[in-house]
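Asker: Below is protein_3.txt; it holds compact mmCIF, C-alpha atoms.
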```
# COMPACT_ATOMS: atom_id res chain seq x y z
CA ALA A 1 103.98 185.13 30.17
CA TYR A 2 104.23 181.61 28.85
CA ARG A 3 107.52 180.09 29.92
CA TYR A 4 109.32 178.04 27.31
CA SER A 5 112.22 175.71 28.02
CA SER A 6 114.51 174.09 25.48
CA VAL A 7 114.80 171.19 27.91
CA THR A 8 111.08 170.54 27.44
CA TYR A 9 111.82 169.85 23.79
CA ARG A 10 113.87 166.85 24.81
CA TYR A 11 110.89 165.01 26.22
CA ASN A 12 107.66 166.11 24.59
CA LEU A 13 107.63 168.30 21.49
CA THR A 14 103.94 167.67 20.93
CA LEU A 15 103.02 168.84 24.42
CA VAL A 16 104.93 172.08 23.94
CA TRP A 17 103.10 172.78 20.69
CA LEU A 18 99.70 172.07 22.30
CA LEU A 19 100.50 174.36 25.21
CA ILE A 20 101.44 177.18 22.85
CA VAL A 21 98.25 176.78 20.83
CA TYR A 22 96.10 176.63 23.99
CA SER A 23 97.80 179.70 25.45
CA ASP A 24 97.19 181.60 22.21
CA MET A 25 93.51 180.71 22.32
CA CYS A 26 93.31 182.20 25.80
CA ASP A 27 95.28 185.34 24.96
CA ASN A 28 94.14 187.56 22.10
CA ASN A 29 97.02 190.02 22.49
CA HIS A 30 99.65 188.81 20.05
CA HIS A 31 101.81 191.95 20.24
CA ASN A 32 101.90 192.50 16.48
CA GLU A 33 103.51 195.88 17.12
CA LEU A 34 106.73 193.98 17.79
CA VAL A 35 106.91 192.62 14.24
CA ILE A 36 105.05 195.17 12.09
CA SER A 37 107.29 197.91 10.70
CA ASP A 38 107.80 199.88 7.49
CA ASP A 39 111.55 199.71 8.04
CA PRO A 40 113.05 197.03 5.73
CA MET A 41 115.94 196.70 8.20
CA HIS A 42 113.63 195.75 11.08
CA PRO A 43 114.54 192.22 12.30
CA ALA A 44 111.12 190.81 11.39
CA ASN A 45 111.32 192.14 7.84
CA LEU A 46 114.94 191.08 7.42
CA ILE A 47 114.27 187.51 8.54
CA CYS A 48 111.44 187.15 6.02
CA SER A 49 113.28 188.76 3.10
CA LEU A 50 116.50 186.84 3.71
CA CYS A 51 114.71 183.50 4.15
CA ALA A 52 112.99 184.10 0.79
CA LYS A 53 116.38 184.80 -0.83
CA PHE A 54 117.93 181.75 0.82
CA TYR A 55 115.03 179.65 -0.52
CA GLU A 56 115.89 180.83 -4.03
CA LYS A 57 119.48 179.67 -3.46
CA ASP A 58 118.22 176.20 -2.39
CA TRP A 59 119.54 176.79 1.12
CA CYS A 60 116.16 176.67 2.90
CA LEU A 61 113.90 174.26 1.03
CA GLY A 62 110.90 172.37 2.42
CA THR A 63 110.61 174.65 5.50
CA GLY A 64 114.20 173.74 6.50
CA GLY A 65 116.67 176.25 7.91
CA GLY A 66 116.00 179.52 9.69
CA ILE A 67 117.31 182.82 11.00
CA SER A 68 117.35 184.52 14.39
CA ILE A 69 118.26 188.17 15.00
CA LYS A 70 118.82 190.11 18.20
CA ASP A 71 117.27 193.57 17.93
CA PRO A 72 120.01 196.04 18.93
CA HIS A 73 117.36 198.53 20.09
CA THR A 74 115.11 196.34 22.28
CA ASN A 75 117.48 193.38 22.85
CA HIS A 76 114.59 191.07 21.92
CA TYR A 77 115.42 187.90 19.99
CA PHE A 78 113.40 187.37 16.81
CA ILE A 79 113.06 183.72 15.78
CA ALA A 80 111.64 182.11 12.65
CA PRO A 81 108.83 179.58 13.18
CA SER A 82 108.95 175.85 12.52
CA GLY A 83 107.09 174.27 9.62
CA VAL A 84 106.52 177.46 7.62
CA GLN A 85 107.69 177.64 4.00
CA LYS A 86 110.54 180.12 4.04
CA GLU A 87 109.58 181.90 0.80
CA LEU A 88 106.06 182.53 2.15
CA MET A 89 106.94 183.54 5.71
CA LYS A 90 105.44 186.79 7.03
CA PRO A 91 106.56 189.02 9.92
CA THR A 92 103.46 187.98 11.86
CA ASP A 93 104.73 184.37 11.76
CA LEU A 94 107.72 185.24 13.93
CA PHE A 95 108.31 184.50 17.60
CA VAL A 96 109.95 187.07 19.86
CA VAL A 97 111.89 186.13 22.99
CA LYS A 98 112.21 188.68 25.77
CA GLY A 99 115.53 190.45 25.51
CA THR A 100 118.36 190.74 28.00
CA ALA A 101 120.71 193.69 28.27
CA ASN A 102 123.65 191.29 28.45
CA SER A 103 123.43 188.13 26.36
CA ASN A 104 125.27 186.12 29.00
CA GLU A 105 122.29 186.70 31.30
CA LEU A 106 120.08 184.73 28.91
CA ASN A 107 118.80 181.47 30.42
CA VAL A 108 118.55 179.16 27.41
CA ASP A 109 116.59 176.59 29.42
CA ASP A 110 113.92 179.05 30.56
CA VAL A 111 113.05 181.91 28.25
CA THR A 112 109.95 184.08 27.98
CA PHE A 113 108.19 184.63 24.66
CA VAL A 114 106.80 188.15 24.51
CA ARG A 115 105.18 187.28 21.19
CA ARG A 116 103.91 183.96 19.84
CA PRO A 117 101.82 183.57 16.66
CA VAL A 118 98.65 181.49 16.72
CA GLY A 119 98.97 177.85 15.72
CA LEU A 120 102.74 177.90 15.19
CA LYS A 121 105.66 176.62 17.21
CA PRO A 122 109.17 178.06 17.49
CA SER A 123 111.92 176.70 15.31
CA ASP A 124 113.47 173.48 16.58
CA CYS A 125 116.71 175.44 16.34
CA THR A 126 115.58 177.83 19.10
CA PRO A 127 117.91 176.45 21.82
CA LEU A 128 120.78 176.44 19.29
CA PHE A 129 120.16 180.05 18.29
CA LEU A 130 119.91 181.14 21.92
CA THR A 131 123.08 179.23 22.85
CA CYS A 132 125.02 181.22 20.23
CA PHE A 133 123.58 184.49 21.53
CA LYS A 134 124.45 183.64 25.13
CA GLU A 135 127.89 182.13 24.68
CA LEU A 136 129.22 184.28 21.83
CA ASP A 137 127.30 187.54 22.26
CA VAL A 138 126.47 187.64 18.55
CA GLY A 139 123.80 189.66 16.78
CA ALA A 140 122.40 187.06 14.39
CA VAL A 141 122.46 183.34 13.58
CA ILE A 142 121.73 181.74 10.21
CA HIS A 143 120.96 178.06 9.67
CA THR A 144 120.76 176.53 6.19
CA HIS A 145 120.61 173.09 4.61
CA SER A 146 123.03 174.12 1.86
CA THR A 147 124.04 171.32 -0.51
CA ASN A 148 127.64 172.52 -0.36
CA ALA A 149 127.58 172.33 3.45
CA VAL A 150 126.20 168.79 3.46
CA LEU A 151 128.65 167.51 0.84
CA ALA A 152 131.66 169.19 2.44
CA SER A 153 130.75 167.69 5.81
CA LEU A 154 131.20 164.25 4.22
CA LEU A 155 134.64 165.04 2.80
CA TYR A 156 136.31 166.17 6.03
CA ASP A 157 136.64 164.69 9.50
CA ASP A 158 136.66 167.09 12.45
CA PHE A 159 137.24 170.35 10.54
CA PHE A 160 136.66 171.80 7.12
CA GLU A 161 139.87 173.54 6.06
CA ILE A 162 140.84 175.73 3.12
CA SER A 163 143.66 178.24 2.51
CA HIS A 164 145.12 180.54 -0.15
CA ILE A 165 141.77 181.55 -1.63
CA GLU A 166 140.91 185.25 -1.94
CA GLN A 167 137.41 184.91 -0.45
CA ILE A 168 138.96 183.80 2.85
CA LYS A 169 139.71 187.47 3.51
CA ALA A 170 135.99 188.02 4.20
CA MET A 171 136.19 185.76 7.25
CA PRO A 172 136.98 186.79 10.85
CA SER A 173 140.00 185.53 12.76
CA ASP A 174 141.34 185.35 16.30
CA LYS A 175 144.10 187.87 15.49
CA TRP A 176 143.98 191.08 17.51
CA ASP A 177 145.20 194.32 15.92
CA ALA A 178 146.40 196.53 18.76
CA ASN A 179 146.53 199.62 16.53
CA ALA A 180 142.99 199.17 15.23
CA ASN A 181 141.84 197.88 18.64
CA LYS A 182 139.83 195.05 17.10
CA TYR A 183 140.03 191.52 15.73
CA VAL A 184 140.95 191.46 12.04
CA ASN A 185 139.95 189.16 9.20
CA LEU A 186 141.91 186.24 7.86
CA LEU A 187 144.57 186.89 5.22
CA PHE A 188 144.85 185.20 1.84
CA GLN A 189 147.55 182.83 3.09
CA ASP A 190 145.68 181.91 6.28
CA THR A 191 143.65 178.74 6.79
CA LEU A 192 139.93 178.86 7.49
CA ARG A 193 138.90 176.05 9.85
CA ILE A 194 135.25 175.24 10.59
CA PRO A 195 134.40 172.59 13.22
CA ILE A 196 132.18 169.67 12.18
CA ILE A 197 129.79 167.94 14.59
CA GLY A 198 127.63 164.87 14.08
CA ASN A 199 123.93 165.09 13.37
CA LYS A 200 121.13 163.93 15.69
CA ASN A 201 117.51 162.93 15.17
CA PHE A 202 116.26 166.29 16.46
CA GLU A 203 117.98 169.65 16.12
CA TYR A 204 117.60 170.59 19.78
CA GLU A 205 119.73 167.52 20.60
CA LEU A 206 122.67 169.32 18.97
CA THR A 207 122.69 171.97 21.70
CA ASP A 208 125.38 170.36 23.89
CA ASP A 209 127.72 169.77 20.94
CA LEU A 210 127.21 173.35 19.74
CA LEU A 211 127.89 174.63 23.25
CA GLU A 212 131.17 172.71 23.29
CA VAL A 213 132.17 174.31 19.96
CA CYS A 214 131.31 177.77 21.30
CA LYS A 215 133.48 177.27 24.37
CA LYS A 216 136.37 175.53 22.59
CA TYR A 217 136.49 177.77 19.50
CA PRO A 218 135.07 181.15 20.57
CA HIS A 219 136.44 182.90 17.47
CA SER A 220 134.80 180.53 15.02
CA CYS A 221 131.81 181.95 13.14
CA ALA A 222 130.28 178.67 11.99
CA VAL A 223 129.81 174.98 12.62
CA LEU A 224 129.02 172.30 10.06
CA VAL A 225 126.57 169.56 11.02
CA ARG A 226 127.38 166.38 9.13
CA ARG A 227 124.70 165.28 6.65
CA HIS A 228 122.57 168.20 7.80
CA GLY A 229 123.78 171.72 7.05
CA ILE A 230 125.51 174.66 8.70
CA PHE A 231 125.04 177.29 11.42
CA VAL A 232 126.71 180.67 10.84
CA TRP A 233 126.73 183.66 13.17
CA GLY A 234 128.09 187.19 13.33
CA PRO A 235 127.99 190.45 15.31
CA SER A 236 125.14 191.62 13.06
CA ILE A 237 122.83 190.10 10.48
CA ALA A 238 124.84 191.91 7.78
CA LYS A 239 128.08 190.25 8.92
CA ALA A 240 126.40 186.85 9.39
CA LYS A 241 125.07 187.07 5.81
CA ILE A 242 128.54 187.92 4.48
CA TYR A 243 130.09 185.02 6.38
CA ASN A 244 127.37 182.61 5.25
CA GLU A 245 127.71 183.54 1.58
CA SER A 246 131.52 183.43 1.70
CA ILE A 247 131.58 180.07 3.45
CA ASP A 248 129.14 178.53 0.99
CA TYR A 249 131.31 179.73 -1.90
CA LEU A 250 134.42 178.27 -0.24
CA LEU A 251 132.66 174.98 0.50
CA GLY A 252 131.57 174.65 -3.12
CA LEU A 253 135.05 175.50 -4.33
CA ALA A 254 136.61 172.96 -1.97
CA ILE A 255 134.30 170.21 -3.24
CA GLN A 256 135.40 170.90 -6.81
CA MET A 257 139.07 171.04 -5.78
CA ARG A 258 138.77 167.65 -4.09
CA GLN A 259 137.13 166.23 -7.23
CA MET A 260 140.13 167.44 -9.22
CA GLY A 261 142.58 165.93 -6.75
CA LEU A 262 143.72 169.33 -5.49
CA PRO A 263 144.43 169.93 -1.78
CA THR A 264 142.30 172.63 -0.20
CA VAL A 265 145.09 173.62 2.17
CA LYS A 266 148.29 174.67 0.45
CA SER A 267 151.32 173.25 2.25
CA THR A 268 154.62 175.08 2.66
CA LEU A 269 156.17 172.52 0.28
CA THR A 270 154.03 173.79 -2.59
CA GLN A 271 154.20 177.52 -1.91
CA GLY A 272 156.05 178.16 -5.14
CA HIS A 273 153.54 176.28 -7.27
CA LYS A 274 149.97 177.02 -8.34
```
Please lay out the structure from this file as structure tokens.

Answerer:
Amino acid sequence: AYRYSSVTYRYNLTLVWLLIVYSDMCDNNHHNELVISDDPMHPANLICSLCAKFYEKDWCLGTGGGISIKDPHTNHYFIAPSGVQKELMKPTDLFVVKGTANSNELNVDDVTFVRRPVGLKPSDCTPLFLTCFKELDVGAVIHTHSTNAVLASLLYDDFFEISHIEQIKAMPSDKWDANANKYVNLLFQDTLRIPIIGNKNFEYELTDDLLEVCKKYPHSCAVLVRRHGIFVWGPSIAKAKIYNESIDYLLGLAIQMRQMGLPTVKSTLTQGHK
């Protein structure tokens, strides 16, 4: 199998693309059975349908953004391609990385593609997606170029913060409920904090900064990239979608609150006021 390394991206993106195309020309078995399914909940179908919906929301315009899902049945990682218009993407455009039973066994710098479409290259976000899978053991990662995400990243320094908004209750927290034996969501009065990292010329160059966020804030479900967009992840694509939609709403609300001179985090001194 063709061996792909995110490190290779750092030095010669063009060479990687040429190698993929040449390998495809030599191998006529493209394993379409991995991405063709009548099940609308199949990872390949979900990635295409959600990318089309995100395009309609102006989150994934001009081929920007992407989604990656770990198949809970095969453990394979399904990854959107680079340079394909998201509203026109087909299941046969997707790349599939060989799965691992345990995500922490995934070697981000040396993965095997068990499926690669002809003439396409994997998303530049591939090492970022795989880093989230390995470090956080999540089930899906969403990347968008949301206008709200870009604007909010310019209004805050190291973290985006907002509290006392009902939609916050859709977001996960680091609070453990011993009775329920699980982590619970934030409460209305809690503060949602999302780390912000600086942008780079190429997305794969963000890998080290994302890795630092994963290790430092393991209970976070997102990271904003200044002047770029946002990465959101969750235990499943359903949860990641909920988090992504909720965060975008909160980002948009925060922008409007700042325009009105309202603080997005309610201090204890103003608890009795609006």

Asker: So, with all atoms listed in the file as the atoms that count, which of A:Glu212, A:Glu166, A:Glu205, A:Glu161 lies closest to Leu251 (chain A)?

Answerer: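 The shortest atom-to-atom distance to Leu251 (chain A) comes from A:Glu161.
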
Asker: Per residue of region 44-98 of chain A within 9 Å of region 229-249 of chain A, which atom pair is closest and at what distance in Å (one decimal), using only C-alpha atoms, listed by chain and increasing number, as JSON lines?

Answerer:
```
{"residue": "A:Leu46", "atom": "CA", "partner": "A:Ile237", "partner_atom": "CA", "distance": 8.5}
{"residue": "A:Leu50", "atom": "CA", "partner": "A:Lys241", "partner_atom": "CA", "distance": 8.8}
{"residue": "A:Trp59", "atom": "CA", "partner": "A:Gly229", "partner_atom": "CA", "distance": 8.9}
{"residue": "A:Gly65", "atom": "CA", "partner": "A:Gly229", "partner_atom": "CA", "distance": 8.5}
{"residue": "A:Ser68", "atom": "CA", "partner": "A:Ile237", "partner_atom": "CA", "distance": 8.7}
{"residue": "A:Ile69", "atom": "CA", "partner": "A:Ile237", "partner_atom": "CA", "distance": 6.7}
{"residue": "A:Lys70", "atom": "CA", "partner": "A:Ser236", "partner_atom": "CA", "distance": 8.3}
{"residue": "A:Pro72", "atom": "CA", "partner": "A:Ser236", "partner_atom": "CA", "distance": 9.0}
```

Asker: Between A:Asp158, A:Lys90, A:Thr131, A:Ile79, which has the minimum distance to Asn104 (chain A) (counting all atoms listed in the file)?

Answerer: A:Thr131

Asker: List as JSON, numbers by chain the residues having at least one atom at most 10 Å from position (133.0, 175.2, 14.3) as given in the file, counting all atoms listed in the file.

Answerer: {"A": [158, 159, 160, 193, 194, 195, 196, 197, 210, 212, 213, 214, 216, 217, 218, 219, 220, 221, 222, 223, 224, 225, 230, 231, 232]}

Asker: What's the separation between CA of Arg227 (chain A) and CA of Leu151 (chain A), in Å to one decimal place?

Answerer: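 Going from CA of Arg227 (chain A) over to CA of Leu151 (chain A), I get 7.4 Å.
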
Asker: Record the distance separating CA of Asn185 (chain A) and CA of Met171 (chain A), expressed in Å with one decimal.

Answerer: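 Spanning CA of Asn185 (chain A) to CA of Met171 (chain A) is a straight-line distance of 5.4 Å.
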
Asker: Can you measure CA of Ile47 (chain A) to CA of Ile67 (chain A) for me? One decimal in Å is fine.

Answerer: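 CA of Ile67 (chain A) lies 6.1 Å from CA of Ile47 (chain A).
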
Asker: What are the nearest atom pairs, with distances in Å to one decimal, for all residues of region 123-228 of chain A that come at most 12 Å from region 28-45 of chain A, using only C-alpha atoms, set out by chain and rising residue number as JSON lines?

Answerer:
```
{"residue": "A:Gly139", "atom": "CA", "partner": "A:Pro43", "partner_atom": "CA", "distance": 10.6}
{"residue": "A:Ala140", "atom": "CA", "partner": "A:Pro43", "partner_atom": "CA", "distance": 9.6}
{"residue": "A:Val141", "atom": "CA", "partner": "A:Pro43", "partner_atom": "CA", "distance": 12.0}
```

Asker: In the coordinates of the file, take the point (113.0, 170.5, 5.5) and a cut-off of 12 Å; then, counting all atoms listed in the file, name each qualifying protein, DNA or RNA residue as a PyMOL selection string.

Answerer: chain A and resi 55+58-66+82-86+123-124+143-146+203+228-229

Asker: Quick one: of A:Val150, A:Ala180, A:Leu130, A:Val108, who's nearest to Gly252 (chain A), counting all atoms listed in the file?

Answerer: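 Closest to Gly252 (chain A), using all atoms listed in the file: A:Val150.
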
Asker: Find the spatial neighbours of Lys134 (chain A), counting all atoms listed in the file, within a cut-off of 9 Å - ignore same-chain residues fewer than 4 positions away - and output them as a list of chain:residue names.

Answerer: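 Those residues are A:Asn102, A:Ser103, A:Asn104, A:Glu105, A:Leu106, A:Asn107, A:Val108, A:Phe129, A:Leu130, A:Val138.
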
Asker: Using all atoms listed in the file, pick whichever of A:Tyr77, A:Ser153, A:Asn148, A:Asp174 has the shortest atom-to-atom distance to Leu250 (chain A).

Answerer: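 Using all atoms listed in the file, the shortest distance to Leu250 (chain A) belongs to A:Asn148.
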
Asker: In terms of the shortest atom-to-atom distance over only C-alpha atoms, which of A:Ala152, A:Pro81, A:Ala254, A:Ile142 is closest to Gly119 (chain A)?

Answerer: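 Distance minimum relative to Gly119 (chain A) lands on A:Pro81.
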